[in-house]
Amino acid sequence: MMPDIFELPGPKSNSVEGSLLDFGRDPLGFLTKCGREYGDIVPIYLGLTPACLLTNPEYIEQVLKERNLFIKSRGLRALKHLLGEGLLSSEGDSWLRQRRLIQPIFHQKRITTYGNIMVAYTEQMLKTWHDGETRDIHQDMMRLTLNIVMKSIFNCDLSDQAAQDVAHALDVTMNWFDKKRQENFAFVEWLHKPKDISYENAIQQMNKTIYQMINERRTSGENPGDLLSMLMEARDEVDGSQMSDRQLRDEIATLMLAGHETTSNTLTGVWVLLSRYPEVRHQLLAELQQVLGERPANITDLPQLPYTDMVIKEAMRIYPPVFTMAREATQDCEIGGYQVPAGCMIMMSQWVMHRHPRYFAEPEVFQPERWRDDLEKNLPRGVYFPFGDGPRVCIGKSFALLEAILLLATIARKFELTLVPEHPIVAQAAITLRPAYGVKVMLKKVD
Ligand code: HEM
């Protein structure tokens with residue numbers, strides 16, 4: 001008879017809440033403690049939900065590979081209210097069909113057209129920046145990445161009313177989700193509570209605007225080459241079918257949500273780290289000056305910017321925008337020789353693995369050079385996975401990496417950003433890992 005994972009050592013708790021309060025109060029600290037003090041599988045009770053944390057990369061890979069045995073957790077499924085049957089929250093055949101349809105749109109070759117949008121919007125933002133001023137760089141990055149995603153999806157920018165409506169709705173709904181999650185300390189308990197009015201109104205407003213944009217596009221027959229047109233034209237290679245308006249809405253809401261805050265948080269993390277490690281900043285600037293001189297960056301520069309690339313990789317190691325992921329076992333199964341019951345929530349944390357001393361020397365230190373000599377390829381799978389892994393790996397990975405590198409190169413070539421000393425930098429583990437109080441920086445123009 002196989003032993004049960006709940007026979008393994010894990011955090012003790014005598015109450016019905018289990019470790020829910022500890023997890024809710026300080027998710028990063030709690031996960032780190034579990035990851036360092038116990039074994040490869042750490043059993044945890046989150047309220048009445050049996051759960052575990054995996055810290056063995058082999059097991060992480062196994063779970064991420066098996067999309068039917070391990071489905072998205074209840075917390076993520078709750079996003080369905082907002083995202084419907086979009087890629088992030090759907091399962092089974094409906095997910096597979098959509099993934100097949102959308103995958104080609106995100107191929108390296110096609111996303112290169114977005115490189116120009118990314119640089120143009122960044123340069124437009126830089127025109128409003130001044131030497132010596134103080135800014136909240138978190139807000140700036142959020143606005144910039146939202147602008148880029150709006151232009152890439154709808155060919156419109158935040159000065160258009162429709163884009164503002166969608167952006168506002170996204171903001172209200174995401175704040176609502178974060179607030180509920182914090183109030184209830186877990187993904188599970190609040191799911192069946194009534195929704196509040198401003199949240200419902202925001203979703204309705206967003207739906208109205210997105211449907212209007214789809215309709216206008218259908219009526220005008222225009223094709224500006226944005227993601228909306230590509231999604232509308234995509235045909236299933238098996239049965240030739242196209243997406244319904246409802247599917248288009250779900251995918252658009254998903255892409256906007258998944259494609260904006262994560263990239264923004266990556267860059268905000270970069271600015272924090274560069275300010276704390278001036279020698280890295282100097283080396284980065286040297287590469288940018290040598291490769292770009294006075295001209296703007298573009299996609300063909302990427303192979304000449306290896307240090308810039310390592311800075312992004314290392315920042316995502318230290319501050320992974322998605323700090324933990326979860327799956328739910330659909331049936332009794334086995335991991336590492338232990339029995340896992342159906343319904344068990346399985347957590348895999350980038351925060352824990354990316355800072356694990358078994359795989360990274362001086363894990364707390366920002367050291368882009370560590371990625372030299374193909375470290376990423378040489379690490380076991382399941383150690384470094386900022387974009388997830390397996391069949392449900394982030395579809396926007398190439399888009400996000402392209403965006404992160406181009407934005408970093410464009411901004412760092414023109415400005416040096418230094419943290420305002422008295423401003424607290426606190427990592428908040430919300431839906432994504434983000435700075436709780438923003439990030440205040442002082443700007444210095446680079447000659
Ligand atoms: C640095 C930026 C980003 C990070 C760190 C990130 C991270 C992730 C992770 C970890 C997952 C897997 C979630 C899971 O398996 O439970 C994921 C899925 C996804 N991401 Fe990203 N992402 C980023 C940017 C983007 C962008 C730019 C887009 C689109 C424009 C995007 C769209 C998606 C979608 C649609 C999924 C669901 C894929 C599926 O299940 O088939 N992401 N992302």
# chains A, B, ... in the order shown; residues from 1 in each chain; ligands from 1
call {"tool": "residues_near_ligand", "arguments": {"ligand": "ligand 1", "cutoff": "7 Å", "atoms": "only C-alpha atoms and all ligand atoms", "output": "ChimeraX atom specification"}}
result
/A:72,87-89,95,99,149,254-256,258-260,262-263,266,320-322,325-326,386-389,392-397,399-401
call {"tool": "write_last_selection", "arguments": {"atoms": "C-alpha atoms", "output": "mmCIF file, in the first residue's frame"}}
result
data_model
loop_
_atom_site.group_PDB
_atom_site.id
_atom_site.type_symbol
_atom_site.label_atom_id
_atom_site.label_comp_id
_atom_site.auth_asym_id
_atom_site.auth_seq_id
_atom_site.Cartn_x
_atom_site.Cartn_y
_atom_site.Cartn_z
ATOM 1 C CA LYS A 72 -6.295 24.524 -12.859
ATOM 2 C CA LEU A 87 -7.217 30.256 -22.539
ATOM 3 C CA LEU A 88 -6.146 30.918 -18.972
ATOM 4 C CA SER A 89 -9.206 29.501 -17.263
ATOM 5 C CA TRP A 95 -8.987 24.776 -24.123
ATOM 6 C CA ARG A 99 -4.901 26.973 -27.939
ATOM 7 C CA VAL A 149 -1.418 45.601 -25.151
ATOM 8 C CA THR A 254 -7.768 37.057 -21.054
ATOM 9 C CA LEU A 255 -4.977 38.496 -23.178
ATOM 10 C CA MET A 256 -5.432 41.948 -21.714
ATOM 11 C CA ALA A 258 -2.592 38.121 -18.601
ATOM 12 C CA GLY A 259 -0.522 40.303 -20.880
ATOM 13 C CA HIS A 260 -0.191 43.535 -19.034
ATOM 14 C CA THR A 262 2.938 40.535 -15.463
ATOM 15 C CA THR A 263 5.200 42.328 -17.929
ATOM 16 C CA THR A 266 8.883 42.303 -14.441
ATOM 17 C CA PRO A 320 8.818 36.133 -10.455
ATOM 18 C CA PRO A 321 5.665 38.015 -11.532
ATOM 19 C CA VAL A 322 3.697 34.780 -11.077
ATOM 20 C CA MET A 325 0.792 28.246 -9.461
ATOM 21 C CA ALA A 326 -1.649 25.588 -8.431
ATOM 22 C CA PRO A 386 8.576 32.112 -14.690
ATOM 23 C CA PHE A 387 6.230 31.306 -17.599
ATOM 24 C CA GLY A 388 5.027 27.935 -16.304
ATOM 25 C CA ASP A 389 5.752 24.775 -18.295
ATOM 26 C CA ARG A 392 -0.219 25.246 -20.598
ATOM 27 C CA VAL A 393 2.988 27.250 -20.667
ATOM 28 C CA CYS A 394 2.421 30.976 -21.168
ATOM 29 C CA ILE A 395 1.345 31.588 -24.758
ATOM 30 C CA GLY A 396 2.643 35.159 -24.545
ATOM 31 C CA LYS A 397 6.187 34.219 -23.467
ATOM 32 C CA PHE A 399 5.793 38.579 -26.719
ATOM 33 C CA ALA A 400 6.599 39.312 -23.058
ATOM 34 C CA LEU A 401 10.342 38.720 -23.413
#
call {"tool": "residues_around", "arguments": {"residues": "A:Arg370", "least_positions_apart": "4", "cutoff": "12 Å", "atoms": "only C-alpha atoms", "output": "PDB file with C-alpha atoms, in the first residue's frame"}}
result
ATOM      1  CA  TYR A 307      23.557  41.166 -21.031  1.00  0.00           C
ATOM      2  CA  ASP A 309      18.587  39.516 -21.746  1.00  0.00           C
ATOM      3  CA  MET A 310      20.370  38.155 -18.651  1.00  0.00           C
ATOM      4  CA  VAL A 311      19.218  41.137 -16.592  1.00  0.00           C
ATOM      5  CA  LYS A 313      16.079  36.561 -16.689  1.00  0.00           C
ATOM      6  CA  GLU A 314      17.701  37.290 -13.366  1.00  0.00           C
ATOM      7  CA  ALA A 315      15.059  39.846 -12.371  1.00  0.00           C
ATOM      8  CA  ARG A 317      14.230  34.792 -10.946  1.00  0.00           C
ATOM      9  CA  TYR A 359      20.129  25.327  -7.470  1.00  0.00           C
ATOM     10  CA  PHE A 360      21.394  28.890  -7.139  1.00  0.00           C
ATOM     11  CA  ALA A 361      24.531  30.044  -5.309  1.00  0.00           C
ATOM     12  CA  GLU A 362      23.770  33.145  -3.212  1.00  0.00           C
ATOM     13  CA  PRO A 363      20.140  33.034  -4.312  1.00  0.00           C
ATOM     14  CA  VAL A 365      21.949  38.224  -4.853  1.00  0.00           C
ATOM     15  CA  PHE A 366      21.142  39.866  -8.207  1.00  0.00           C
ATOM     16  CA  ASP A 374      23.411  28.346 -20.912  1.00  0.00           C
ATOM     17  CA  LEU A 375      22.500  27.990 -17.249  1.00  0.00           C
ATOM     18  CA  GLU A 376      18.810  27.925 -18.189  1.00  0.00           C
ATOM     19  CA  ASN A 378      21.447  23.128 -17.837  1.00  0.00           C
ATOM     20  CA  LEU A 379      19.077  23.504 -14.906  1.00  0.00           C
TER      21      LEU A 379
END
call {"tool": "atom_distance", "arguments": {"atom1": "atom CA of A:Leu31", "atom2": "atom CA of A:Val352"}}
result
6.7 Å
call {"tool": "atom_distance", "arguments": {"atom1": "atom CA of A:Cys344", "atom2": "atom CA of A:Pro50"}}
result
5.1 Å
call {"tool": "select_by_dssp", "arguments": {"residues": "stretch 120-342 of chain A", "states": "helix (DSSP H, G or I)", "output": "MDAnalysis selection string"}}
result
chainID A and resid 120:126 137:154 161:184 189:192 197:220 227:233 245:258 261:276 278:292 299:304 306:318
call {"tool": "write_last_selection", "arguments": {"atoms": "C-alpha atoms", "output": "compact mmCIF listing (two decimals), in the first residue's frame"}}
result
# COMPACT_ATOMS: atom_id res chain seq x y z
CA ALA A 120 7.25 53.83 -30.14
CA TYR A 121 5.09 53.91 -26.99
CA THR A 122 8.16 53.83 -24.76
CA GLU A 123 9.74 56.75 -26.59
CA GLN A 124 6.47 58.66 -26.38
CA MET A 125 6.51 58.11 -22.59
CA LEU A 126 10.15 59.19 -22.31
CA ILE A 137 7.79 53.76 -11.88
CA HIS A 138 5.28 51.01 -11.08
CA GLN A 139 2.46 53.23 -12.30
CA ASP A 140 4.43 54.25 -15.37
CA MET A 141 5.16 50.64 -16.30
CA MET A 142 1.52 49.62 -15.78
CA ARG A 143 0.32 52.37 -18.07
CA LEU A 144 2.94 51.67 -20.69
CA THR A 145 2.31 47.91 -20.89
CA LEU A 146 -1.45 48.51 -20.92
CA ASN A 147 -1.03 50.96 -23.77
CA ILE A 148 1.06 48.41 -25.67
CA VAL A 149 -1.42 45.60 -25.15
CA MET A 150 -4.35 47.85 -26.21
CA LYS A 151 -2.56 48.90 -29.37
CA SER A 152 -1.51 45.32 -30.17
CA ILE A 153 -4.99 43.89 -29.59
CA PHE A 154 -7.33 46.66 -30.74
CA GLN A 161 -12.71 56.30 -24.84
CA ALA A 162 -13.26 52.61 -25.62
CA ALA A 163 -9.76 51.71 -24.48
CA GLN A 164 -10.27 53.72 -21.30
CA ASP A 165 -13.51 51.86 -20.58
CA VAL A 166 -11.84 48.49 -20.96
CA ALA A 167 -8.84 49.58 -18.90
CA HIS A 168 -11.08 50.90 -16.15
CA ALA A 169 -13.12 47.69 -16.05
CA LEU A 170 -9.96 45.63 -15.85
CA ASP A 171 -8.70 47.75 -12.99
CA VAL A 172 -11.92 47.53 -10.97
CA THR A 173 -12.24 43.79 -11.44
CA MET A 174 -8.62 43.04 -10.58
CA ASN A 175 -8.76 45.19 -7.44
CA TRP A 176 -11.94 43.41 -6.45
CA PHE A 177 -10.27 40.03 -6.86
CA ASP A 178 -7.25 41.07 -4.84
CA LYS A 179 -9.37 42.57 -2.08
CA LYS A 180 -11.52 39.47 -1.78
CA ARG A 181 -8.52 37.23 -1.75
CA GLN A 182 -6.84 39.18 0.99
CA GLU A 183 -10.00 39.44 3.08
CA ASN A 184 -10.51 35.74 2.96
CA GLU A 189 -13.86 30.46 0.72
CA TRP A 190 -15.20 33.52 -1.06
CA LEU A 191 -16.09 31.91 -4.33
CA HIS A 192 -19.75 31.50 -3.54
CA ILE A 197 -22.26 45.94 -7.76
CA SER A 198 -19.24 47.92 -8.92
CA TYR A 199 -17.57 44.65 -9.92
CA GLU A 200 -20.63 43.48 -11.89
CA ASN A 201 -20.96 46.89 -13.54
CA ALA A 202 -17.30 46.91 -14.52
CA ILE A 203 -17.61 43.53 -16.20
CA GLN A 204 -20.75 44.60 -18.04
CA GLN A 205 -19.08 47.79 -19.21
CA MET A 206 -16.07 45.83 -20.42
CA ASN A 207 -18.26 43.31 -22.26
CA LYS A 208 -20.25 46.07 -23.93
CA THR A 209 -17.13 47.82 -25.17
CA ILE A 210 -15.40 44.68 -26.39
CA TYR A 211 -18.52 43.48 -28.25
CA GLN A 212 -18.86 46.93 -29.80
CA MET A 213 -15.29 46.77 -31.06
CA ILE A 214 -15.85 43.29 -32.51
CA ASN A 215 -19.03 44.49 -34.23
CA GLU A 216 -17.38 47.57 -35.68
CA ARG A 217 -14.58 45.43 -37.03
CA ARG A 218 -17.02 42.97 -38.60
CA THR A 219 -19.08 45.78 -40.17
CA SER A 220 -16.15 47.78 -41.52
CA LEU A 227 -4.56 40.64 -32.56
CA LEU A 228 -8.31 41.18 -32.79
CA SER A 229 -8.23 40.78 -36.58
CA MET A 230 -5.99 37.75 -36.31
CA LEU A 231 -8.29 36.15 -33.76
CA MET A 232 -11.31 36.88 -35.97
CA GLU A 233 -9.62 35.34 -38.99
CA ASP A 245 -18.20 36.60 -30.54
CA ARG A 246 -18.37 35.16 -27.04
CA GLN A 247 -15.09 33.28 -27.55
CA LEU A 248 -13.48 36.39 -28.97
CA ARG A 249 -14.58 38.37 -25.91
CA ASP A 250 -13.21 35.75 -23.52
CA GLU A 251 -9.84 35.57 -25.27
CA ILE A 252 -9.49 39.34 -25.53
CA ALA A 253 -10.25 39.84 -21.83
CA THR A 254 -7.77 37.06 -21.05
CA LEU A 255 -4.98 38.50 -23.18
CA MET A 256 -5.43 41.95 -21.71
CA LEU A 257 -5.40 40.64 -18.18
CA ALA A 258 -2.59 38.12 -18.60
CA GLU A 261 0.45 43.43 -15.29
CA THR A 262 2.94 40.53 -15.46
CA THR A 263 5.20 42.33 -17.93
CA SER A 264 4.86 45.57 -16.02
CA ASN A 265 5.87 43.88 -12.76
CA THR A 266 8.88 42.30 -14.44
CA LEU A 267 10.15 45.73 -15.44
CA THR A 268 9.39 47.31 -12.08
CA GLY A 269 11.47 44.53 -10.48
CA VAL A 270 14.29 45.32 -12.91
CA TRP A 271 14.33 49.00 -11.87
CA VAL A 272 14.44 48.12 -8.18
CA LEU A 273 17.33 45.73 -8.69
CA LEU A 274 19.32 47.96 -11.04
CA SER A 275 19.16 50.78 -8.52
CA ARG A 276 20.43 48.46 -5.79
CA PRO A 278 24.89 50.02 -9.72
CA GLU A 279 27.68 47.86 -11.15
CA VAL A 280 25.07 45.85 -13.07
CA ARG A 281 23.53 49.08 -14.27
CA HIS A 282 26.93 50.25 -15.58
CA GLN A 283 27.50 47.06 -17.45
CA LEU A 284 24.02 47.18 -18.94
CA LEU A 285 24.50 50.77 -20.07
CA ALA A 286 27.86 49.92 -21.62
CA GLU A 287 26.19 47.21 -23.74
CA LEU A 288 23.37 49.53 -24.76
CA GLN A 289 25.70 52.38 -25.70
CA GLN A 290 27.89 50.08 -27.70
CA VAL A 291 25.09 48.38 -29.62
CA LEU A 292 22.59 51.21 -30.01
CA ILE A 299 13.97 43.75 -32.71
CA THR A 300 17.03 43.01 -34.85
CA ASP A 301 19.25 44.20 -31.97
CA LEU A 302 18.20 41.36 -29.69
CA PRO A 303 21.03 38.94 -30.53
CA GLN A 304 23.52 41.74 -29.75
CA PRO A 306 22.95 39.26 -24.26
CA TYR A 307 23.56 41.17 -21.03
CA THR A 308 20.17 42.94 -21.29
CA ASP A 309 18.59 39.52 -21.75
CA MET A 310 20.37 38.16 -18.65
CA VAL A 311 19.22 41.14 -16.59
CA ILE A 312 15.60 40.28 -17.45
CA LYS A 313 16.08 36.56 -16.69
CA GLU A 314 17.70 37.29 -13.37
CA ALA A 315 15.06 39.85 -12.37
CA MET A 316 12.33 37.27 -13.10
CA ARG A 317 14.23 34.79 -10.95
CA ILE A 318 14.32 37.14 -7.97
call {"tool": "select_by_dssp", "arguments": {"residues": "stretch 273-380 of chain A", "states": "strand (DSSP E or B)", "output": "ChimeraX atom specification"}}
result
/A:325-329,333-335,338-340,345-348
call {"tool": "write_last_selection", "arguments": {"atoms": "N, CA and C atoms", "output": "compact mmCIF listing (two decimals), in the first residue's frame"}}
result
# COMPACT_ATOMS: atom_id res chain seq x y z
N MET A 325 1.87 28.75 -8.61
CA MET A 325 0.79 28.25 -9.46
C MET A 325 0.19 27.05 -8.75
N ALA A 326 -1.03 26.73 -9.10
CA ALA A 326 -1.65 25.59 -8.43
C ALA A 326 -2.45 24.76 -9.42
N ARG A 327 -2.55 23.48 -9.11
CA ARG A 327 -3.37 22.56 -9.88
C ARG A 327 -4.19 21.74 -8.89
N GLU A 328 -5.24 21.10 -9.41
CA GLU A 328 -6.04 20.24 -8.54
C GLU A 328 -6.05 18.84 -9.15
N ALA A 329 -5.82 17.82 -8.31
CA ALA A 329 -5.82 16.44 -8.82
C ALA A 329 -7.27 16.05 -9.11
N CYS A 333 -4.08 9.84 -7.21
CA CYS A 333 -2.92 9.57 -8.07
C CYS A 333 -1.66 9.48 -7.24
N GLU A 334 -0.53 9.40 -7.92
CA GLU A 334 0.74 9.20 -7.21
C GLU A 334 1.75 10.26 -7.62
N ILE A 335 2.43 10.82 -6.63
CA ILE A 335 3.57 11.70 -6.94
C ILE A 335 4.72 11.26 -6.06
N TYR A 338 4.11 8.64 -3.44
CA TYR A 338 3.10 8.92 -2.41
C TYR A 338 1.73 9.10 -3.04
N GLN A 339 0.73 8.69 -2.28
CA GLN A 339 -0.66 8.78 -2.73
C GLN A 339 -1.18 10.21 -2.56
N VAL A 340 -1.73 10.78 -3.64
CA VAL A 340 -2.32 12.13 -3.57
C VAL A 340 -3.83 11.97 -3.79
N MET A 345 -5.08 20.20 -3.65
CA MET A 345 -4.53 21.36 -4.37
C MET A 345 -3.01 21.25 -4.34
N ILE A 346 -2.40 21.24 -5.50
CA ILE A 346 -0.95 21.06 -5.58
C ILE A 346 -0.30 22.38 -5.95
N MET A 347 0.55 22.87 -5.05
CA MET A 347 1.17 24.17 -5.32
C MET A 347 2.61 24.00 -5.79
N MET A 348 2.98 24.84 -6.75
CA MET A 348 4.35 24.86 -7.25
C MET A 348 4.74 26.32 -7.28
call {"tool": "closest_residue", "arguments": {"among": "A:Phe23, A:Gly92, A:Lys80, A:Pro341", "to": "A:Glu66", "atoms": "only C-alpha atoms"}}
result
A:Gly92
call {"tool": "residues_around", "arguments": {"residues": "A:Val426", "least_positions_apart": "4", "cutoff": "9 Å", "atoms": "only C-alpha atoms", "output": "list in words"}}
result
Arg434, Pro435, Ala436, Tyr437 and Gly438 of chain A
call {"tool": "atom_distance", "arguments": {"atom1": "atom CA of A:Lys445", "atom2": "atom CA of A:Arg372"}}
result
29.7 Å
call {"tool": "residues_around", "arguments": {"residues": "A:Ser349", "least_positions_apart": "5", "cutoff": "12 Å", "atoms": "only C-alpha atoms", "output": "PyMOL selection string"}}
result
chain A and resi 27-32+34-35+52-57+60+317+319-327+354-356+382-388+429+433
call {"tool": "closest_residue", "arguments": {"among": "A:Arg413, A:Ser398, A:Met1, A:Pro421", "to": "A:His107", "atoms": "only C-alpha atoms"}}
result
A:Ser398
call {"tool": "closest_residue", "arguments": {"among": "A:Ala234, A:Ala430, A:Glu91, A:Glu422", "to": "A:Pro104", "atoms": "only C-alpha atoms"}}
result
A:Ala234
